[in-house]
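K.L.:
Please read through the structure below; I'll follow up with questions.
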Amino acid sequence: MTYGEEALADLKKGKWTDALRRVIETNIITSGLVGGYGGQYLRVAGAHSINNGMTSITQAHHLLHGEKVAYGILVQLLLEGKFSEIKQLLPIYRVLKLPMTLLDIGLTVEHKAELQQIAAHTVKEGEDIHLLFPDINKEKVAAAMENLEILTNHASPS
């Protein structure tokens, strides 16, 4: 959050800088520690399951894995009821141009069939989202995506 905007700008300029190094190191170290110590229970289980659900629709094929997971993080936080964390992340998502709305992934709330498809794939048996939310179902995921849409559309830009 501290160096992200600067690091992205430096990367686009092809410049190796301290900010870029810090962001890369943080990503590698954090993912290694979380995965190594916490295993599947501390990973971003819900967000990765949302990513997996998004791969089932063609509208999201233009997004990179990390972009789908970024959107999934917001959905996971909403499912956890962590609204203050979502509001804290939205400004940096805007700056980094990370997807935070259905429009960003190529959909609208009117794409009910696609939302249901994402939700159904997200909660398939064996998906890690069940580690966080044992009673999760496709209706809860679809509702979270629609509620996130409301939250992001009413959040004031920073």
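In the structure tokens, chains take the letters A, B, ... in the order shown, each chain's residues start at 1, and ligands count up from 1 in the order shown.
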Quick one: residues within 12 Å of Pro134 in chain A, only C-alpha atoms, excluding same-chain residues fewer than 2 positions away - as number ranges by chain?

P.N.:
A: 45-46, 123-132, 136-137, 140

K.L.:
Which residue out of A:Leu11, A:Ile150, A:Ile57, A:Met145 has the minimum interatomic distance to Gly72 in chain A when only C-alpha atoms are used?

P.N.:
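Comparing A:Leu11, A:Ile150, A:Ile57, A:Met145 against Gly72 in chain A, the winner is A:Met145.
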
K.L.:
So that I can check the surroundings of Thr101 in chain A, please list as a ChimeraX atom specification every protein, DNA and RNA residue that reaches within 8 Å of it, counting only C-alpha atoms and ignoring chain neighbours fewer than 4 positions away.

P.N.:
/A:71,105,148-149,152-153

K.L.:
Between A:Met1, A:Ile92, A:Val75, A:Val23, which is the closest to Ala119 in chain A once you count only C-alpha atoms?

P.N.:
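With only C-alpha atoms as the atom set, the closest residue is A:Val75.
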
K.L.:
Set the distance at 8 Å and use only C-alpha atoms: which residues neighbour Ala7 in chain A once local chain neighbours fewer than 4 positions away are removed? I'd like the list as a PyMOL selection string.

P.N.:
chain A and resi 3+11+17+19-21+23

K.L.:
Per DSSP on the backbone, what are the helix (DSSP H, G or I) residues of range 7-157 of chain A, as number ranges by chain?

P.N.:
A: 7-13, 18-41, 45-54, 58-60, 65-79, 83-96, 103-105, 112-122, 129-132, 138-154

K.L.:
What is the CA of Trp16 in chain A-CA of Ala70 in chain A distance in Å, reported with one decimal?

P.N.:
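Spanning CA of Trp16 in chain A to CA of Ala70 in chain A is a straight-line distance of 24.2 Å.
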
K.L.:
Would you mind telling me which residue in A:Leu74, A:Val141, A:His65, A:Thr30 lies nearest to Gln117 in chain A when using only C-alpha atoms?

P.N.:
A:Val141

K.L.:
Using only C-alpha atoms, which residues sit within 12 Å of Leu98 in chain A once same-chain residues fewer than 2 positions away are excluded, as JSON, numbers by chain?

P.N.:
{"A": [4, 5, 8, 63, 64, 65, 66, 67, 68, 69, 70, 71, 72, 73, 74, 89, 90, 91, 92, 93, 94, 95, 96, 100, 101, 102, 103, 104, 105]}

K.L.:
Given the selection you just returned, output its residues as a file containing N, CA and C atoms, formatted as a PDB file, in the first residue's frame.

P.N.:
```
ATOM      1  N   GLY A   4       3.094   0.780  -3.685  1.00  0.00           N
ATOM      2  CA  GLY A   4       2.452   0.204  -4.865  1.00  0.00           C
ATOM      3  C   GLY A   4       2.333   1.132  -6.050  1.00  0.00           C
ATOM      4  N   GLU A   5       1.822   2.327  -5.824  1.00  0.00           N
ATOM      5  CA  GLU A   5       1.628   3.274  -6.924  1.00  0.00           C
ATOM      6  C   GLU A   5       2.958   3.659  -7.560  1.00  0.00           C
ATOM      7  N   LEU A   8       4.448   0.644  -9.511  1.00  0.00           N
ATOM      8  CA  LEU A   8       3.779   0.416 -10.789  1.00  0.00           C
ATOM      9  C   LEU A   8       4.232   1.435 -11.831  1.00  0.00           C
ATOM     10  N   LEU A  63      -8.572 -10.684 -17.986  1.00  0.00           N
ATOM     11  CA  LEU A  63      -7.916 -10.370 -16.721  1.00  0.00           C
ATOM     12  C   LEU A  63      -6.805 -11.369 -16.407  1.00  0.00           C
ATOM     13  N   LEU A  64      -5.759 -10.866 -15.786  1.00  0.00           N
ATOM     14  CA  LEU A  64      -4.682 -11.722 -15.309  1.00  0.00           C
ATOM     15  C   LEU A  64      -5.124 -12.419 -14.020  1.00  0.00           C
ATOM     16  N   HIS A  65      -4.439 -13.478 -13.658  1.00  0.00           N
ATOM     17  CA  HIS A  65      -4.751 -14.215 -12.436  1.00  0.00           C
ATOM     18  C   HIS A  65      -4.802 -13.278 -11.225  1.00  0.00           C
ATOM     19  N   GLY A  66      -3.796 -12.442 -11.074  1.00  0.00           N
ATOM     20  CA  GLY A  66      -3.739 -11.537  -9.930  1.00  0.00           C
ATOM     21  C   GLY A  66      -4.871 -10.539  -9.906  1.00  0.00           C
ATOM     22  N   GLU A  67      -5.343 -10.134 -11.076  1.00  0.00           N
ATOM     23  CA  GLU A  67      -6.471  -9.209 -11.136  1.00  0.00           C
ATOM     24  C   GLU A  67      -7.756  -9.900 -10.678  1.00  0.00           C
ATOM     25  N   LYS A  68      -7.926 -11.152 -11.082  1.00  0.00           N
ATOM     26  CA  LYS A  68      -9.108 -11.913 -10.638  1.00  0.00           C
ATOM     27  C   LYS A  68      -9.046 -12.156  -9.136  1.00  0.00           C
ATOM     28  N   VAL A  69      -7.876 -12.470  -8.635  1.00  0.00           N
ATOM     29  CA  VAL A  69      -7.718 -12.680  -7.192  1.00  0.00           C
ATOM     30  C   VAL A  69      -7.962 -11.372  -6.447  1.00  0.00           C
ATOM     31  N   ALA A  70      -7.513 -10.253  -7.003  1.00  0.00           N
ATOM     32  CA  ALA A  70      -7.750  -8.947  -6.362  1.00  0.00           C
ATOM     33  C   ALA A  70      -9.245  -8.702  -6.201  1.00  0.00           C
ATOM     34  N   TYR A  71     -10.009  -8.967  -7.248  1.00  0.00           N
ATOM     35  CA  TYR A  71     -11.465  -8.844  -7.146  1.00  0.00           C
ATOM     36  C   TYR A  71     -11.996  -9.832  -6.104  1.00  0.00           C
ATOM     37  N   GLY A  72     -11.467 -11.038  -6.133  1.00  0.00           N
ATOM     38  CA  GLY A  72     -11.878 -12.066  -5.182  1.00  0.00           C
ATOM     39  C   GLY A  72     -11.597 -11.684  -3.740  1.00  0.00           C
ATOM     40  N   ILE A  73     -10.528 -10.945  -3.510  1.00  0.00           N
ATOM     41  CA  ILE A  73     -10.219 -10.482  -2.151  1.00  0.00           C
ATOM     42  C   ILE A  73     -11.357  -9.609  -1.633  1.00  0.00           C
ATOM     43  N   LEU A  74     -11.859  -8.720  -2.475  1.00  0.00           N
ATOM     44  CA  LEU A  74     -12.963  -7.855  -2.054  1.00  0.00           C
ATOM     45  C   LEU A  74     -14.221  -8.666  -1.749  1.00  0.00           C
ATOM     46  N   LEU A  89      -9.058  -0.574   1.130  1.00  0.00           N
ATOM     47  CA  LEU A  89      -8.424  -1.043  -0.101  1.00  0.00           C
ATOM     48  C   LEU A  89      -8.896  -0.308  -1.354  1.00  0.00           C
ATOM     49  N   LEU A  90     -10.122   0.174  -1.372  1.00  0.00           N
ATOM     50  CA  LEU A  90     -10.671   0.759  -2.594  1.00  0.00           C
ATOM     51  C   LEU A  90      -9.813   1.883  -3.188  1.00  0.00           C
ATOM     52  N   PRO A  91      -9.279   2.802  -2.390  1.00  0.00           N
ATOM     53  CA  PRO A  91      -8.446   3.842  -3.010  1.00  0.00           C
ATOM     54  C   PRO A  91      -7.216   3.287  -3.730  1.00  0.00           C
ATOM     55  N   ILE A  92      -6.559   2.302  -3.143  1.00  0.00           N
ATOM     56  CA  ILE A  92      -5.369   1.738  -3.805  1.00  0.00           C
ATOM     57  C   ILE A  92      -5.775   0.920  -5.027  1.00  0.00           C
ATOM     58  N   TYR A  93      -6.935   0.264  -4.979  1.00  0.00           N
ATOM     59  CA  TYR A  93      -7.443  -0.447  -6.151  1.00  0.00           C
ATOM     60  C   TYR A  93      -7.663   0.536  -7.298  1.00  0.00           C
ATOM     61  N   ARG A  94      -8.224   1.708  -6.969  1.00  0.00           N
ATOM     62  CA  ARG A  94      -8.450   2.721  -8.016  1.00  0.00           C
ATOM     63  C   ARG A  94      -7.127   3.162  -8.634  1.00  0.00           C
ATOM     64  N   VAL A  95      -6.151   3.459  -7.787  1.00  0.00           N
ATOM     65  CA  VAL A  95      -4.854   3.939  -8.260  1.00  0.00           C
ATOM     66  C   VAL A  95      -4.168   2.885  -9.133  1.00  0.00           C
ATOM     67  N   LEU A  96      -4.217   1.633  -8.681  1.00  0.00           N
ATOM     68  CA  LEU A  96      -3.540   0.553  -9.406  1.00  0.00           C
ATOM     69  C   LEU A  96      -4.388  -0.030 -10.531  1.00  0.00           C
ATOM     70  N   MET A 100     -12.609  -3.895  -9.315  1.00  0.00           N
ATOM     71  CA  MET A 100     -13.367  -3.845  -8.063  1.00  0.00           C
ATOM     72  C   MET A 100     -14.866  -3.797  -8.307  1.00  0.00           C
ATOM     73  N   THR A 101     -15.262  -3.761  -9.569  1.00  0.00           N
ATOM     74  CA  THR A 101     -16.677  -3.771  -9.913  1.00  0.00           C
ATOM     75  C   THR A 101     -16.927  -4.840 -10.967  1.00  0.00           C
ATOM     76  N   LEU A 102     -18.188  -5.185 -11.131  1.00  0.00           N
ATOM     77  CA  LEU A 102     -18.541  -6.147 -12.179  1.00  0.00           C
ATOM     78  C   LEU A 102     -18.171  -5.604 -13.553  1.00  0.00           C
ATOM     79  N   LEU A 103     -18.359  -4.314 -13.764  1.00  0.00           N
ATOM     80  CA  LEU A 103     -17.992  -3.714 -15.048  1.00  0.00           C
ATOM     81  C   LEU A 103     -16.502  -3.918 -15.339  1.00  0.00           C
ATOM     82  N   ASP A 104     -15.677  -3.855 -14.306  1.00  0.00           N
ATOM     83  CA  ASP A 104     -14.237  -4.064 -14.474  1.00  0.00           C
ATOM     84  C   ASP A 104     -13.909  -5.477 -14.963  1.00  0.00           C
ATOM     85  N   ILE A 105     -14.788  -6.433 -14.661  1.00  0.00           N
ATOM     86  CA  ILE A 105     -14.523  -7.798 -15.128  1.00  0.00           C
ATOM     87  C   ILE A 105     -15.336  -8.140 -16.366  1.00  0.00           C
TER      88      ILE A 105
END
```

K.L.:
What gap, in Å, lies between CA of His121 in chain A and CA of Gly81 in chain A?

P.N.:
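Separating CA of His121 in chain A from CA of Gly81 in chain A is a distance of 21.9 Å.
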